[in-house]
file model_3.txt (compact mmCIF, C-alpha atoms)
# COMPACT_ATOMS: atom_id res chain seq x y z
CA MET A 1 154.38 147.26 66.29
CA ASN A 2 153.38 150.23 64.19
CA VAL A 3 149.78 150.95 63.18
CA GLU A 4 150.06 149.14 59.85
CA GLU A 5 151.43 145.98 61.45
CA GLN A 6 148.79 146.13 64.17
CA ARG A 7 146.07 146.37 61.57
CA LYS A 8 147.48 143.42 59.63
CA ALA A 9 147.71 141.37 62.80
CA MET A 10 144.13 142.25 63.68
CA LEU A 11 142.89 141.27 60.21
CA SER A 12 144.81 138.03 60.34
CA ASN A 13 143.30 137.27 63.77
CA PHE A 14 139.84 137.97 62.49
CA ARG A 15 140.43 135.73 59.48
CA GLN A 16 141.64 132.93 61.77
CA TYR A 17 138.62 133.34 64.04
CA ALA A 18 136.16 133.36 61.16
CA THR A 19 137.78 130.28 59.60
CA VAL A 20 137.54 128.36 62.86
CA TYR A 21 133.91 129.45 63.17
CA ASN A 22 133.05 128.22 59.66
CA GLU A 23 134.97 125.00 60.15
CA LEU A 24 133.11 124.28 63.39
CA THR A 25 129.80 124.92 61.70
CA GLU A 26 130.57 122.49 58.90
CA VAL A 27 131.98 119.71 61.07
CA CYS A 28 129.30 119.91 63.74
CA PHE A 29 126.47 120.12 61.23
CA THR A 30 127.78 117.06 59.37
CA SER A 31 128.18 115.01 62.54
CA CYS A 32 125.02 116.07 64.35
CA VAL A 33 122.36 116.49 61.69
CA GLN A 34 121.35 113.32 59.89
CA ASP A 35 117.63 113.69 59.47
CA LEU A 36 116.43 116.36 57.11
CA GLY A 37 112.76 115.66 57.73
CA GLN A 38 112.28 118.88 59.67
CA ARG A 39 112.92 122.52 58.93
CA ARG A 40 114.29 123.43 62.38
CA LEU A 41 116.91 121.70 64.53
CA SER A 42 115.53 119.16 67.01
CA GLU A 43 116.47 119.44 70.72
CA GLU A 44 118.90 116.59 70.28
CA GLU A 45 120.59 118.11 67.24
CA ALA A 46 120.83 121.49 68.92
CA SER A 47 122.47 120.15 72.06
CA CYS A 48 124.76 117.96 69.93
CA ALA A 49 125.90 121.06 68.06
CA ASP A 50 126.59 122.91 71.31
CA THR A 51 128.65 120.11 72.84
CA CYS A 52 130.43 119.49 69.53
CA ALA A 53 131.52 123.13 69.34
CA ALA A 54 132.67 123.23 72.96
CA LYS A 55 134.66 120.01 72.63
CA LEU A 56 136.29 120.90 69.33
CA LEU A 57 137.31 124.30 70.65
CA GLN A 58 138.99 122.68 73.63
CA ALA A 59 140.64 120.18 71.29
CA THR A 60 141.95 122.99 69.08
CA SER A 61 143.39 125.00 71.92
CA ARG A 62 145.01 121.90 73.37
CA MET A 63 146.60 121.09 70.00
CA VAL A 64 147.93 124.60 69.67
CA TRP A 65 149.40 124.46 73.15
CA LYS A 66 150.93 121.02 72.63
CA MET A 67 152.47 122.01 69.33
CA ALA A 68 154.02 125.05 70.93
CA GLU A 69 155.33 122.89 73.76
CA LEU A 70 156.93 120.32 71.48
CA ASN A 71 158.24 122.77 68.95
CA PRO A 72 160.20 125.38 70.88
CA LEU A 73 160.35 128.86 69.39
CA GLN A 74 163.58 129.86 67.67
CA GLN A 75 164.57 132.12 70.58
CA GLY A 76 164.79 128.91 72.62
CA GLY A 77 162.36 127.55 75.19
CA GLY A 78 159.77 130.26 74.63
CA ALA A 79 156.96 127.74 75.13
CA SER A 80 157.43 127.76 78.90
CA ALA A 81 155.57 131.05 78.95
CA LEU A 82 152.41 129.38 77.66
CA HIS A 83 149.96 127.73 80.00
CA PRO A 84 147.80 124.68 79.26
CA PRO A 85 144.23 125.59 78.37
CA GLN A 86 141.60 125.31 81.09
CA GLN A 87 140.02 121.89 81.35
CA THR A 88 136.54 123.02 82.30
CA ARG A 89 134.31 125.76 80.91
CA MET B 1 137.68 161.07 57.40
CA ASN B 2 141.13 159.81 58.12
CA PRO B 3 142.36 157.53 55.29
CA SER B 4 143.80 154.85 57.55
CA SER B 5 140.45 154.21 59.26
CA GLN B 6 138.77 154.09 55.86
CA PHE B 7 141.23 151.42 54.75
CA GLY B 8 140.55 149.52 57.96
CA GLN B 9 136.80 149.42 57.40
CA GLU B 10 137.15 148.40 53.78
CA ALA B 11 139.55 145.61 54.67
CA ILE B 12 137.16 144.32 57.30
CA ALA B 13 134.23 144.44 54.88
CA ASN B 14 136.29 142.50 52.31
CA MET B 15 137.18 139.97 54.94
CA GLU B 16 133.51 139.52 55.83
CA ILE B 17 132.64 138.91 52.20
CA GLU B 18 135.45 136.40 51.94
CA MET B 19 134.26 134.58 55.04
CA MET B 20 130.66 134.58 53.82
CA THR B 21 131.88 133.05 50.58
CA ASP B 22 133.80 130.42 52.51
CA LEU B 23 130.67 129.64 54.55
CA TYR B 24 128.62 129.36 51.38
CA ASN B 25 131.13 126.97 49.80
CA ARG B 26 131.02 124.71 52.84
CA LEU B 27 127.23 124.81 52.98
CA SER B 28 127.00 124.01 49.30
CA LYS B 29 129.37 121.05 49.56
CA THR B 30 127.62 119.70 52.66
CA CYS B 31 124.06 119.99 51.37
CA HIS B 32 124.99 118.56 47.98
CA LYS B 33 126.31 115.50 49.75
CA LYS B 34 123.29 115.17 52.00
CA CYS B 35 120.53 115.87 49.50
CA ILE B 36 121.63 114.97 46.01
CA PRO B 37 122.54 111.34 45.45
CA PRO B 38 125.04 110.97 42.60
CA LYS B 39 122.59 109.22 40.32
CA TYR B 40 121.69 111.74 37.70
CA HIS B 41 118.64 110.23 36.01
CA GLU B 42 117.16 113.58 35.09
CA GLY B 43 118.22 117.19 34.87
CA ASP B 44 115.52 118.68 37.11
CA LEU B 45 115.58 118.66 40.89
CA SER B 46 112.91 116.39 42.30
CA LYS B 47 110.52 117.85 44.84
CA GLY B 48 112.16 115.79 47.58
CA GLU B 49 115.59 117.08 46.65
CA ALA B 50 114.37 120.67 46.61
CA ILE B 51 112.77 120.35 50.04
CA CYS B 52 115.87 118.64 51.36
CA ILE B 53 117.98 121.55 50.17
CA ASP B 54 115.66 124.08 51.83
CA ARG B 55 115.84 122.24 55.11
CA CYS B 56 119.56 121.61 54.86
CA VAL B 57 120.27 125.31 54.36
CA GLY B 58 117.92 126.22 57.21
CA LYS B 59 119.53 123.81 59.65
CA PHE B 60 123.06 124.67 58.57
CA MET B 61 122.47 128.35 59.22
CA GLU B 62 120.79 127.54 62.52
CA VAL B 63 123.89 125.59 63.61
CA HIS B 64 125.99 128.55 62.43
CA ASP B 65 123.98 130.97 64.58
CA ARG B 66 124.11 128.75 67.66
CA ILE B 67 127.86 128.33 67.42
CA GLY B 68 128.26 132.06 66.85
CA LYS B 69 126.36 132.83 70.04
CA LYS B 70 128.41 130.27 71.92
CA LEU B 71 131.69 131.75 70.67
CA THR B 72 130.57 135.25 71.58
CA SER B 73 129.61 134.22 75.11
CA MET B 74 132.85 132.27 75.57
CA TYR B 75 134.85 135.27 74.37
CA ALA B 76 132.95 137.54 76.76
CA GLN B 77 133.67 135.11 79.61
CA ASP B 78 137.38 135.14 78.75
CA GLN B 79 137.40 138.94 78.65
CA ALA B 80 135.68 139.12 82.04
CA ALA B 81 138.08 136.59 83.55
CA ALA B 82 141.10 138.48 82.15
CA ALA B 83 139.75 141.79 83.49
CA ALA B 84 139.13 140.25 86.91
CA GLN B 85 142.73 139.05 87.06
CA ARG B 86 144.19 142.51 86.48

call {"tool": "encode", "arguments": {"input": "model_3.txt", "output": "structure tokens"}}
result
Amino acid sequence: MNVEEQRKAMLSNFRQYATVYNELTEVCFTSCVQDLGQRRLSEEEASCADTCAAKLLQATSRMVWKMAELNPLQQGGGASALHPPQQTR
Amino acid sequence: MNPSSQFGQEAIANMEIEMMTDLYNRLSKTCHKKCIPPKYHEGDLSKGEAICIDRCVGKFMEVHDRIGKKLTSMYAQDQAAAAAQR
């Protein structure tokens, strides 16, 4: 990969990462925060957000892995090189 | 200054702006839904609605920060694990 391609790949990775980050924020806020009576997050809401993020990240990586497994790359059977994501963090 | 690194920095800055905009759009959609019932009796925000918006934005950004810290620490863990394996 030449420098230009590397830079494009890096930007595209960053974009992907930032999109996941924003998506997580939206989904976990919507699910975990119901009461807008306070200005700051309660203990419960904060820990809900943490577990929500951890779980959804695991779900995402599992989906990516599964999709790769079921949809072999054009070169043929390239998915065998991928490993399932770790179960515990 | 080498032109390719200049391009790199500018592209990253543009990307950050784009992502900030995306975050804002999500926040806006979410807090609208939570704070502004679709019954438009009057054109001005009520005090309750205004306070709700303040709090909604505060909490949304707090969730954003928490998740950001979590992602950073998870990434650092992955880096450390990968380095240990080598």

call {"tool": "closest_atom_pairs", "arguments": {"input": "model_3.txt", "of": "chain A", "to": "chain B", "cutoff": "6 Å", "atoms": "all atoms listed in the file", "output": "Markdown table"}}
result
| residue | atom | partner | partner_atom | distance |
| --- | --- | --- | --- | --- |
| A:Asn22 | CA | B:Leu23 | CA | 5.8 |
| A:Thr25 | CA | B:His64 | CA | 5.3 |
| A:Arg39 | CA | B:Arg55 | CA | 4.8 |
| A:Arg40 | CA | B:Lys59 | CA | 5.9 |
| A:Leu41 | CA | B:Lys59 | CA | 5.9 |

call {"tool": "closest_residue", "arguments": {"input": "model_3.txt", "among": "A:Ala9, A:Met1, A:Ala54, A:Ala68", "to": "A:Leu24", "atoms": "all atoms listed in the file"}}
result
A:Ala54

call {"tool": "closest_residue", "arguments": {"input": "model_3.txt", "among": "A:Lys66, A:Asp35, A:Thr60, A:Glu43", "to": "A:Tyr17", "atoms": "all atoms listed in the file"}}
result
A:Thr60

call {"tool": "atom_distance", "arguments": {"input": "model_3.txt", "atom1": "atom CA of A:Glu4", "atom2": "atom CA of B:Glu10"}}
result
14.3 Å

call {"tool": "decode", "arguments": {"input": "model_3.txt", "residues": "stretch 1-80 of chain B", "atoms": "C-alpha atoms", "output": "mmCIF file, in the first residue's frame"}}
result
data_model
loop_
_atom_site.group_PDB
_atom_site.id
_atom_site.type_symbol
_atom_site.label_atom_id
_atom_site.label_comp_id
_atom_site.auth_asym_id
_atom_site.auth_seq_id
_atom_site.Cartn_x
_atom_site.Cartn_y
_atom_site.Cartn_z
ATOM 1 C CA MET B 1 6.370 21.731 5.966
ATOM 2 C CA ASN B 2 5.898 18.721 3.802
ATOM 3 C CA PRO B 3 2.632 18.998 1.799
ATOM 4 C CA SER B 4 1.512 15.418 2.398
ATOM 5 C CA SER B 5 1.520 15.843 6.189
ATOM 6 C CA GLN B 6 -0.366 19.107 5.800
ATOM 7 C CA PHE B 7 -3.033 17.312 3.790
ATOM 8 C CA GLY B 8 -3.183 14.623 6.458
ATOM 9 C CA GLN B 9 -3.833 17.091 9.259
ATOM 10 C CA GLU B 10 -6.457 18.962 7.292
ATOM 11 C CA ALA B 11 -8.264 15.755 6.398
ATOM 12 C CA ILE B 12 -8.296 14.704 10.034
ATOM 13 C CA ALA B 13 -9.600 18.109 11.135
ATOM 14 C CA ASN B 14 -12.372 17.875 8.517
ATOM 15 C CA MET B 15 -13.220 14.421 9.731
ATOM 16 C CA GLU B 16 -13.473 15.677 13.311
ATOM 17 C CA ILE B 17 -15.834 18.434 12.249
ATOM 18 C CA GLU B 18 -17.924 15.920 10.356
ATOM 19 C CA MET B 19 -18.100 13.630 13.371
ATOM 20 C CA MET B 20 -18.972 16.515 15.679
ATOM 21 C CA THR B 21 -21.790 17.412 13.305
ATOM 22 C CA ASP B 22 -22.983 13.822 13.328
ATOM 23 C CA LEU B 23 -22.920 13.824 17.137
ATOM 24 C CA TYR B 24 -24.868 17.070 17.215
ATOM 25 C CA ASN B 25 -27.519 15.694 14.849
ATOM 26 C CA ARG B 26 -28.010 12.639 17.043
ATOM 27 C CA LEU B 27 -28.156 14.731 20.205
ATOM 28 C CA SER B 28 -30.658 17.071 18.626
ATOM 29 C CA LYS B 29 -32.924 14.242 17.473
ATOM 30 C CA THR B 30 -32.732 12.484 20.838
ATOM 31 C CA CYS B 31 -33.383 15.525 23.018
ATOM 32 C CA HIS B 32 -36.205 16.724 20.777
ATOM 33 C CA LYS B 33 -37.898 13.402 21.301
ATOM 34 C CA LYS B 34 -37.334 13.397 25.045
ATOM 35 C CA CYS B 35 -38.157 17.006 25.830
ATOM 36 C CA ILE B 36 -40.550 18.422 23.290
ATOM 37 C CA PRO B 37 -43.908 16.693 23.049
ATOM 38 C CA PRO B 38 -45.427 17.100 19.572
ATOM 39 C CA LYS B 39 -48.248 19.305 20.770
ATOM 40 C CA TYR B 40 -47.403 22.750 19.566
ATOM 41 C CA HIS B 41 -49.775 24.989 21.508
ATOM 42 C CA GLU B 42 -47.433 27.941 21.505
ATOM 43 C CA GLY B 43 -44.312 29.091 19.724
ATOM 44 C CA ASP B 44 -42.142 29.712 22.793
ATOM 45 C CA LEU B 45 -40.311 27.040 24.735
ATOM 46 C CA SER B 46 -41.809 26.566 28.171
ATOM 47 C CA LYS B 47 -39.498 26.795 31.157
ATOM 48 C CA GLY B 48 -39.825 23.049 31.706
ATOM 49 C CA GLU B 49 -38.878 22.320 28.118
ATOM 50 C CA ALA B 50 -35.879 24.626 28.303
ATOM 51 C CA ILE B 51 -34.610 23.005 31.501
ATOM 52 C CA CYS B 52 -35.214 19.568 30.034
ATOM 53 C CA ILE B 53 -33.091 20.489 27.023
ATOM 54 C CA ASP B 54 -30.269 21.766 29.252
ATOM 55 C CA ARG B 55 -30.256 18.561 31.235
ATOM 56 C CA CYS B 56 -30.627 16.353 28.192
ATOM 57 C CA VAL B 57 -27.595 17.931 26.527
ATOM 58 C CA GLY B 58 -25.606 17.679 29.768
ATOM 59 C CA LYS B 59 -26.387 14.007 30.255
ATOM 60 C CA PHE B 60 -25.893 13.140 26.606
ATOM 61 C CA MET B 61 -22.415 14.649 26.620
ATOM 62 C CA GLU B 62 -21.650 12.936 29.917
ATOM 63 C CA VAL B 63 -22.567 9.568 28.375
ATOM 64 C CA HIS B 64 -20.407 10.501 25.375
ATOM 65 C CA ASP B 65 -17.413 11.211 27.633
ATOM 66 C CA ARG B 66 -17.831 8.012 29.638
ATOM 67 C CA ILE B 67 -18.017 5.872 26.529
ATOM 68 C CA GLY B 68 -15.022 7.688 25.077
ATOM 69 C CA LYS B 69 -12.951 6.884 28.150
ATOM 70 C CA LYS B 70 -14.093 3.280 28.019
ATOM 71 C CA LEU B 71 -13.161 2.946 24.343
ATOM 72 C CA THR B 72 -9.752 4.491 24.971
ATOM 73 C CA SER B 73 -9.011 2.131 27.847
ATOM 74 C CA MET B 74 -10.226 -0.892 25.862
ATOM 75 C CA TYR B 75 -8.046 0.133 22.929
ATOM 76 C CA ALA B 76 -5.056 0.546 25.246
ATOM 77 C CA GLN B 77 -5.731 -2.917 26.687
ATOM 78 C CA ASP B 78 -5.830 -4.402 23.187
ATOM 79 C CA GLN B 79 -2.570 -2.670 22.286
ATOM 80 C CA ALA B 80 -0.899 -3.974 25.445
#
